[in-house]
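Visitor: Sharing a structure with you now.
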Amino acid sequence: MSAVIAPAGAPPAAPKPAGFIRRLFRDKPLGAAGGVVFLVFLFCGIFADVLSPYGMNEINPLDRLQSPSWAHPFGTDNLGRDMLSRCLHGAQLSVIIGLTAASLATIVSVVIGIATGYLGGKFDLVTQRFVDAWMSFPELIILIVVVSVLGPGMPQIIGTLGLLLGIAGSRIIRSAVVSVRENMYVHAAQSIGSGTFRILWRHILPNIMPPIIVLFTTRVGAVILAESGLSFLGLGVPPPAPTWGGLLSGSGRTYMFQGPWLALAPGLCLTVVVYATNVFGDALRDLLDPRLRGSR
Amino acid sequence: MKSSTLHATLGRLALGGALLLGSTALLAQNKPVPMDKAEAPKYGGTLSIAPVYYTISALTWDPADWNWKSNHDMGQYAENLFAADLSKSRKYGGKHQFVADAYLPLDAIRGEIAESWRWMENPLRLEVKVRQGVMFPEKKGVMAARELVADDVVASYNNLDKSPKRIPAYFDHLAKVEATGKHTVLFTFKDYFAEWDYRFGWGYYSNIFPREVLEKGAKDWKNHNGSGPFMLTDFVNGNSTTFTKNPNYWDKERLGGQEYKLPFVDRVIYRTIKDEAASYAALRTGRIDMHENIRWSAVDELKKNAPGLKWSKTLAWSGTFLAMRVDQKPFTDIRVRRALNMAVNKQEIVKTFWGGNAELFAYPQHPDYIGYFEPLSSMPDSVKELFTYDPEKAKKLLAEAGFPNGFTFKVQVNANSPVHMDLLPMVGAYLEKVGVKIQIEPLEYGAFLSRMTSKTHSAGYFMDNGHTNPTTTIRKSFVTNQTWNPSMWADPALDKRVATMYAERDEGKRQQMLREMTREIVDKAPYIWLPTPYTFQAWWPWVKNYDGELRAGAVRPGPIYARIWIDQDLKKKMGFK
Amino acid sequence: MQAYILRRLLALIPTLFFASVIVFTTVRLIPGDVIDLMLSQNDISASKMDREALMEVLGLDKPMWSQYLTWVGSLFQGDMGNSLWQSTPVTERLAERLPVTFELGLLAILIGLTIALPIGVYSAIRQDTAGDYIARSFSILLLAVPSFWLGTMVVVIPSIYFGWSPEVSYISFSEDPIGNLKQMLVPAAVLGAALSAVTMRMTRTMMLEVLRQDYIRTAMAKGLPERLVVFRHALRNALIPVVTLVGLQAPLVIGGAVIMEQIFGIPGMGTLLLDAVNQRDYPIITGVFLVVGLAVMVINLLVDLSYGLLDPRVRVRS
């Protein structure tokens, strides 16, 4: 493997925001669309209380199972609750759960990945054993134990998913770090006596940004999907919390023939948001990768 | 039961009979056909079923584990002393549907292994003559084919009684069980006990196994053997249980004027399908021939997409309610409990939550319990009041009891039950209108249940509870310190009355006692009584001689499946393999 | 190399020990203990005497460390104890379910790779063309639909419109290999489709990284055919994180894909575990953990070893 000759110590040029956005829309239209959707999702999530025409849990038995109309753009569910309001609140829950857990997961992955990948040696070996032990447990059982001991709820799910996905993802970061640390300029920096932290911060981290970004964006989607799977198994955030996963696996499946909108509304929201975060993440990665810039 | 009180019982049945026909108004699209006019059956074929408990496989095969579900799985090949008299089914013009989970009406019990029985006094004994010529098939590695004898009955009883996992006090009414002849079993009673036939007779723990199976080890299903119409031939845990025809089964059935050897089908297969939607898909495509537990919300779509199916419906065999701990304030005050009942619009719940597929009042007695059940219309006014929506009256009562501005209380609920997780907030919405707020605490099922068993549950506890049978339904929920007594009801007077009821030999008198006790307990409102939904059964038209019956003993469908026959030509004609 | 393998295998032992202690204790932390559940089957009473009698029968009355030691002791004899509910050996239950899950997982991973690798490579070498976009979009779409929904649709829709639904009866491989494969194919495909998305993206990302390397450009400039460059040089190096990813999917192979199992009625490890947890059947839970843990650790070891095959630098360094 030949060396990549780059001036040792030169940090990647920080992208200027305006130019960056222009490039995003120009070169990566799909990703840009994803980004827009992601922002809409965030906006809906944050302002769900204001945007919702009805309460999240306004039970109105007489209005049950109404198909979409002007009064209820997403229809009503089997208890007469407005689906648009419930989906908006679902967005709020997804924003909270998704972003928090994904951030936690990414931080955990990066810390462990960098520490073990760069330092190697005994520390790597011991930590890897610990990671092995942790990862050999099916996610499910850990979630059940946590949910059973602490009771079903959001913080437990966020914490557990974050930790689980984080530790699992650390291996990806680690392998990326392993690949990067063999590069010549890292050796060069080491040989001129740069401190470990400086090397990590200026050489390793920027060069593993692509996998980190991809990791974060896939984690957001993965967390939202994981919560939906948990709801199906009865372990998700308990009703009446209208998480999209809970709506889809609960009344969505039970009433899929009488009220297809009960599944379509949360299902589309879920799919569109996960799709958007992934596509957006891809585009970001493509644009931020220092070695791809300039090679176009 | 061959006793002198039969006539008296029949007299009392007139009361219940008319009520039954009214209250369990069946779909009545399957017209009853008297047994002598029934179609001539054919032999052969496989019956593939999604049974009532289609999401779970056998929990254990060892009868000494005292597991409630065993009877359901073992009852195909293991027989009991008594079983339902299926000739009294509604499909033959009789009046019983045989859907109760653990109840057989006295006028519809026949001897299965027992050929005849008589009571003897001083001391109170029951002498049971075991049917002769009933053969256990050969089981390789376990036993040769041989006749069933009284020793097997005694051995089966002892196996249960001596088990370390036995339910304490379950057989306390019996002093001794012994074989006094090759085909005679003698039960010596300490005192008369009304549930004697349920406890060891046709109930949950009444299977008769050959001695050899119990000695070899009944834990392993491969060792199992019995005198029943089928033999256990395969078990794939979590997927299916297969029973194959016993070619030397002793029983016959008279149909269309002729007698036929049973069973008709070659094989019965229980399907374990964890996912509800997948179970309906299997029914639609004919992979299963019948489905015993279809939710009301799936019925319309199935009727549309599988129009050939035949249908039946039954009221669920458990009551739904919000139990209030009467040992904690504010539920010590009956006015508060009654007020909460009046605050909930139960009629609206029937109409909107259950889509009309529910009955307002069907617990603690089930409408199928002829002679024990009294419909709401014949209840005193104070009971009727509890089922009339009147939020104003509720608020007045609450104010009288010292809560003009309402109060807040915690309700624990099973997080794994989507129905409960939907219904409880609805109830909560009604309560809020009279100022009472609930704090819902969802718990995972195991955790939820153990709160009740350890009596550490919250003031409100939302649950289902099985009826079981007319005597047990009152005993298990309202006698002091019972496991399934979530309202912590503790009334020594009631405890005494229940004990007296158990010792009463005359069924008519027992029915009257139970009717009174039921009336009173409903009136005292330890629970917010909620409507009971219907569940539906569906089967393809090639499944013959079946009209939605479910149990011929406690959760035991064996004899029913033995009498079903498959019209394989019809199945092929309809385009299914 | 051999010393390395030996060291890794030896390192498994403390890990397993550590894991087993954690599992053993945490499982008993779950509230709603098995005694309560068993007693609630009985509708009479749950007096203190009954609790104690039952605990004694099940061997749960001894202190935790004693139970643990008993368990470890019997492990060396190949006995994982008996199910608390069924009193049948845990090893039997595991032996029933393990091959089923293994088969499902293997098929799923294979299907996933079959979909992911070609699309990932194609997307990388034809970066930003229409083909790249379509391929990527499709794969992300598969990822974005929850697997239980996909599974439900696969089961329900054909039953209405085509009169077809998946086989309900589990056909074992030894009985009827073709039938078994036919049955497993559908859930494996749904599972594999979901897995493929992540693998595809990782493949594409790493391929892109590698393709940018100077030595690739050199090779291209030299006039080597693209296919040779891609497969001989680029793919091998891009495969390291991909192999990692596949290794990460290993718990799925062993631990079971509970959701697919539930929807398609496959009697695998996932449902065994879920049922056991619901029933608080501790010996089964710990047994499953142990087997899964061991299997995953072995798979990870294989993954790490494969790094050496794929990337000589790593081999030298270790």
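By convention in this document, the chains of the structure tokens carry letters A, B, ... by their order, each chain's residues are numbered from 1, and ligands are numbered from 1 in the order they are shown.
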When you look at segment 22-28 of chain A with a cut-off of 10 Å (counting only C-alpha atoms), what residues show up, excluding the ones that are within fewer than 5 positions of it in the same chain? I need them as a PyMOL selection string.
Guide: (chain A and resi 17+33-35+279-280+282-284+286-287) or (chain C and resi 128)
Visitor: Can I get the selected residues back with N, CA and C atoms, as a PDB file, in the first residue's frame?
Guide:
ATOM      1  N   PRO A  17     -20.366  27.677   5.285  1.00  0.00           N
ATOM      2  CA  PRO A  17     -21.771  27.258   5.303  1.00  0.00           C
ATOM      3  C   PRO A  17     -22.519  27.574   4.016  1.00  0.00           C
ATOM      4  N   ALA A  33     -32.930  17.069  -0.677  1.00  0.00           N
ATOM      5  CA  ALA A  33     -34.345  16.817  -0.372  1.00  0.00           C
ATOM      6  C   ALA A  33     -34.459  16.130   0.978  1.00  0.00           C
ATOM      7  N   GLY A  34     -33.573  15.151   1.190  1.00  0.00           N
ATOM      8  CA  GLY A  34     -33.572  14.457   2.480  1.00  0.00           C
ATOM      9  C   GLY A  34     -33.348  15.416   3.624  1.00  0.00           C
ATOM     10  N   GLY A  35     -32.427  16.334   3.413  1.00  0.00           N
ATOM     11  CA  GLY A  35     -32.133  17.297   4.449  1.00  0.00           C
ATOM     12  C   GLY A  35     -33.337  18.166   4.770  1.00  0.00           C
ATOM     13  N   VAL A 279     -30.483   9.296   3.359  1.00  0.00           N
ATOM     14  CA  VAL A 279     -30.064   9.939   2.124  1.00  0.00           C
ATOM     15  C   VAL A 279     -29.277  11.212   2.426  1.00  0.00           C
ATOM     16  N   PHE A 280     -29.749  11.941   3.399  1.00  0.00           N
ATOM     17  CA  PHE A 280     -29.077  13.163   3.814  1.00  0.00           C
ATOM     18  C   PHE A 280     -27.685  12.853   4.341  1.00  0.00           C
ATOM     19  N   ASP A 282     -25.841  10.302   3.656  1.00  0.00           N
ATOM     20  CA  ASP A 282     -24.988   9.932   2.523  1.00  0.00           C
ATOM     21  C   ASP A 282     -24.424  11.159   1.841  1.00  0.00           C
ATOM     22  N   ALA A 283     -25.317  12.107   1.569  1.00  0.00           N
ATOM     23  CA  ALA A 283     -24.882  13.318   0.867  1.00  0.00           C
ATOM     24  C   ALA A 283     -23.850  14.068   1.691  1.00  0.00           C
ATOM     25  N   LEU A 284     -24.093  14.196   2.987  1.00  0.00           N
ATOM     26  CA  LEU A 284     -23.138  14.874   3.860  1.00  0.00           C
ATOM     27  C   LEU A 284     -21.777  14.197   3.789  1.00  0.00           C
ATOM     28  N   ASP A 286     -20.535  12.346   1.449  1.00  0.00           N
ATOM     29  CA  ASP A 286     -19.880  12.574   0.171  1.00  0.00           C
ATOM     30  C   ASP A 286     -19.240  13.953   0.112  1.00  0.00           C
ATOM     31  N   LEU A 287     -19.924  14.947   0.668  1.00  0.00           N
ATOM     32  CA  LEU A 287     -19.404  16.308   0.566  1.00  0.00           C
ATOM     33  C   LEU A 287     -18.303  16.603   1.578  1.00  0.00           C
TER      34      LEU A 287
ATOM     35  N   ASP C 128     -22.821   8.438  -8.383  1.00  0.00           N
ATOM     36  CA  ASP C 128     -23.622   9.582  -8.800  1.00  0.00           C
ATOM     37  C   ASP C 128     -24.279   9.472 -10.160  1.00  0.00           C
TER      38      ASP C 128
END
Visitor: What are the residues of chain A lining chain B at 9 Å or less? Count only C-alpha atoms, and put the answer as a list in words.
Guide: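 Here is what falls inside 9 Å: Asn57, Glu58, Ile59, Asn60, Pro61, Leu62, Asp63, Arg64, Asn78, Leu79, Val147, Ser148, Val149, Gly151, Pro152, Leu233, Gly234, Leu235, Pro238, Pro239, Pro240, Gly250, Ser251, Arg253, Thr254, Tyr255, Phe257 and Gln258 of chain A.
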Visitor: Excluding Ala189 of chain C and its own-chain neighbours fewer than 3 positions away, which residues fall within 8 Å of it when counting only C-alpha atoms? Please give them as a list in words.
Guide: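 The residues that qualify are Leu107, Ala108, Ile111, Gly112, Leu185, Val186, Gly192 and Ala193 of chain C.
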Visitor: Since we have the selection now, will you write its residues out, keeping N, CA and C atoms, as a JSON list (two decimals), in the first residue's frame?
Guide:
[["chain", "number", "residue", "atom", "x", "y", "z"],
["C", 107, "LEU", "N", -29.27, -18.11, 5.88],
["C", 107, "LEU", "CA", -29.95, -17.77, 4.63],
["C", 107, "LEU", "C", -30.12, -16.27, 4.50],
["C", 108, "ALA", "N", -30.53, -15.65, 5.61],
["C", 108, "ALA", "CA", -30.78, -14.21, 5.57],
["C", 108, "ALA", "C", -29.50, -13.45, 5.25],
["C", 111, "ILE", "N", -28.57, -14.04, 1.60],
["C", 111, "ILE", "CA", -29.43, -13.25, 0.72],
["C", 111, "ILE", "C", -29.05, -11.79, 0.81],
["C", 112, "GLY", "N", -28.81, -11.34, 2.04],
["C", 112, "GLY", "CA", -28.41, -9.95, 2.22],
["C", 112, "GLY", "C", -27.14, -9.62, 1.45],
["C", 185, "LEU", "N", -37.35, -19.61, 2.93],
["C", 185, "LEU", "CA", -36.92, -18.61, 1.98],
["C", 185, "LEU", "C", -37.62, -17.28, 2.17],
["C", 186, "VAL", "N", -38.93, -17.34, 2.42],
["C", 186, "VAL", "CA", -39.67, -16.08, 2.51],
["C", 186, "VAL", "C", -39.23, -15.23, 3.70],
["C", 192, "GLY", "N", -33.24, -10.71, 5.08],
["C", 192, "GLY", "CA", -32.06, -10.39, 4.30],
["C", 192, "GLY", "C", -32.16, -9.04, 3.63],
["C", 193, "ALA", "N", -33.36, -8.73, 3.15],
["C", 193, "ALA", "CA", -33.54, -7.43, 2.50],
["C", 193, "ALA", "C", -33.21, -6.31, 3.47]]
Visitor: Where in segment 406-513 of chain B does DSSP assign strand (DSSP E), given as a ChimeraX atom specification?
Guide: /B:408-414,437-443,460-466
Visitor: Please, which residues of segment 3-79 of chain C, numbered as in this document, come out helix (DSSP H, G or I) from DSSP, as a PyMOL selection string?
Guide: chain C and resi 3-27+34-41+48-58+64-76
Visitor: With the cut-off set at 7 Å and counting only C-alpha atoms, tabulate each residue of chain B with an atom at most that distance from an atom of chain C, showing the nearest atom pair and its distance in Å to one decimal, ordered by chain and increasing number, as a tab-separated table.
Guide:
residue	atom	partner	partner_atom	distance
B:Leu59	CA	C:Gln86	CA	6.6
B:Thr60	CA	C:Gln86	CA	4.6
B:Trp68	CA	C:Gln41	CA	6.8
B:Pro164	CA	C:Val57	CA	6.8
B:Lys165	CA	C:Leu54	CA	6.4
B:Ile167	CA	C:Asn42	CA	6.4
B:Lys219	CA	C:Thr88	CA	6.8
B:Asn237	CA	C:Pro267	CA	6.9
B:Gly238	CA	C:Pro267	CA	5.3
B:Asn239	CA	C:Pro267	CA	6.0
B:Ser240	CA	C:Ser169	CA	6.6
B:Ile273	CA	C:Gly265	CA	5.7
B:Lys274	CA	C:Gln262	CA	5.3
B:Asp275	CA	C:Ile263	CA	5.2
B:Ala277	CA	C:Val156	CA	6.9
B:Ala278	CA	C:Val155	CA	6.2
B:Ala281	CA	C:Ser159	CA	5.5
B:Ala282	CA	C:Ser165	CA	6.0
B:Arg284	CA	C:Ser159	CA	6.4
B:Thr285	CA	C:Gly163	CA	5.3
B:Asn305	CA	C:Ile160	CA	6.4
B:Gly446	CA	C:Gly32	CA	4.9
B:Ala447	CA	C:Gly32	CA	4.0
B:Leu449	CA	C:Gly32	CA	6.9
B:Ser450	CA	C:Gly32	CA	4.7
B:Thr453	CA	C:Asp36	CA	6.0
B:Lys476	CA	C:Asp43	CA	6.2
B:Asn481	CA	C:Ser45	CA	6.7
B:Gln482	CA	C:Ser45	CA	4.8
B:Thr483	CA	C:Ser45	CA	4.7
B:Trp484	CA	C:Asp43	CA	6.3
Visitor: With C-alpha atoms kept, could you save the residues just selected as a compact mmCIF listing (two decimals), in the first residue's frame?
Guide:
# COMPACT_ATOMS: atom_id res chain seq x y z
CA LEU B 59 -46.54 -25.34 28.55
CA THR B 60 -45.65 -28.71 30.01
CA TRP B 68 -54.06 -25.42 33.60
CA PRO B 164 -44.73 -31.29 45.06
CA LYS B 165 -46.33 -28.75 42.72
CA ILE B 167 -52.40 -26.88 44.46
CA LYS B 219 -42.29 -35.33 31.52
CA ASN B 237 -42.54 -26.72 20.38
CA GLY B 238 -43.75 -23.30 19.27
CA ASN B 239 -45.17 -24.57 16.02
CA SER B 240 -47.53 -27.56 16.08
CA ILE B 273 -49.24 -19.23 15.41
CA LYS B 274 -47.82 -16.36 17.39
CA ASP B 275 -49.03 -13.64 15.09
CA ALA B 277 -52.65 -11.52 11.32
CA ALA B 278 -50.75 -14.60 10.15
CA ALA B 281 -54.08 -15.45 6.59
CA ALA B 282 -53.71 -19.17 7.21
CA ARG B 284 -58.18 -17.53 4.52
CA THR B 285 -56.01 -19.77 2.39
CA ASN B 305 -62.49 -12.22 1.50
CA GLY B 446 -44.99 -10.94 34.64
CA ALA B 447 -44.39 -7.90 36.79
CA LEU B 449 -49.28 -10.37 37.71
CA SER B 450 -46.85 -10.66 40.53
CA THR B 453 -50.03 -12.38 43.77
CA LYS B 476 -61.70 -17.14 43.68
CA ASN B 481 -57.00 -13.88 50.63
CA GLN B 482 -57.54 -15.73 47.40
CA THR B 483 -54.91 -15.26 44.68
CA TRP B 484 -57.31 -13.71 42.17
Visitor: If you count only C-alpha atoms, which residues fall within 7 Å of Val223 of chain A, apart from same-chain ones fewer than 5 positions away, as a PyMOL selection string?
Guide: chain A and resi 98+101-102+161
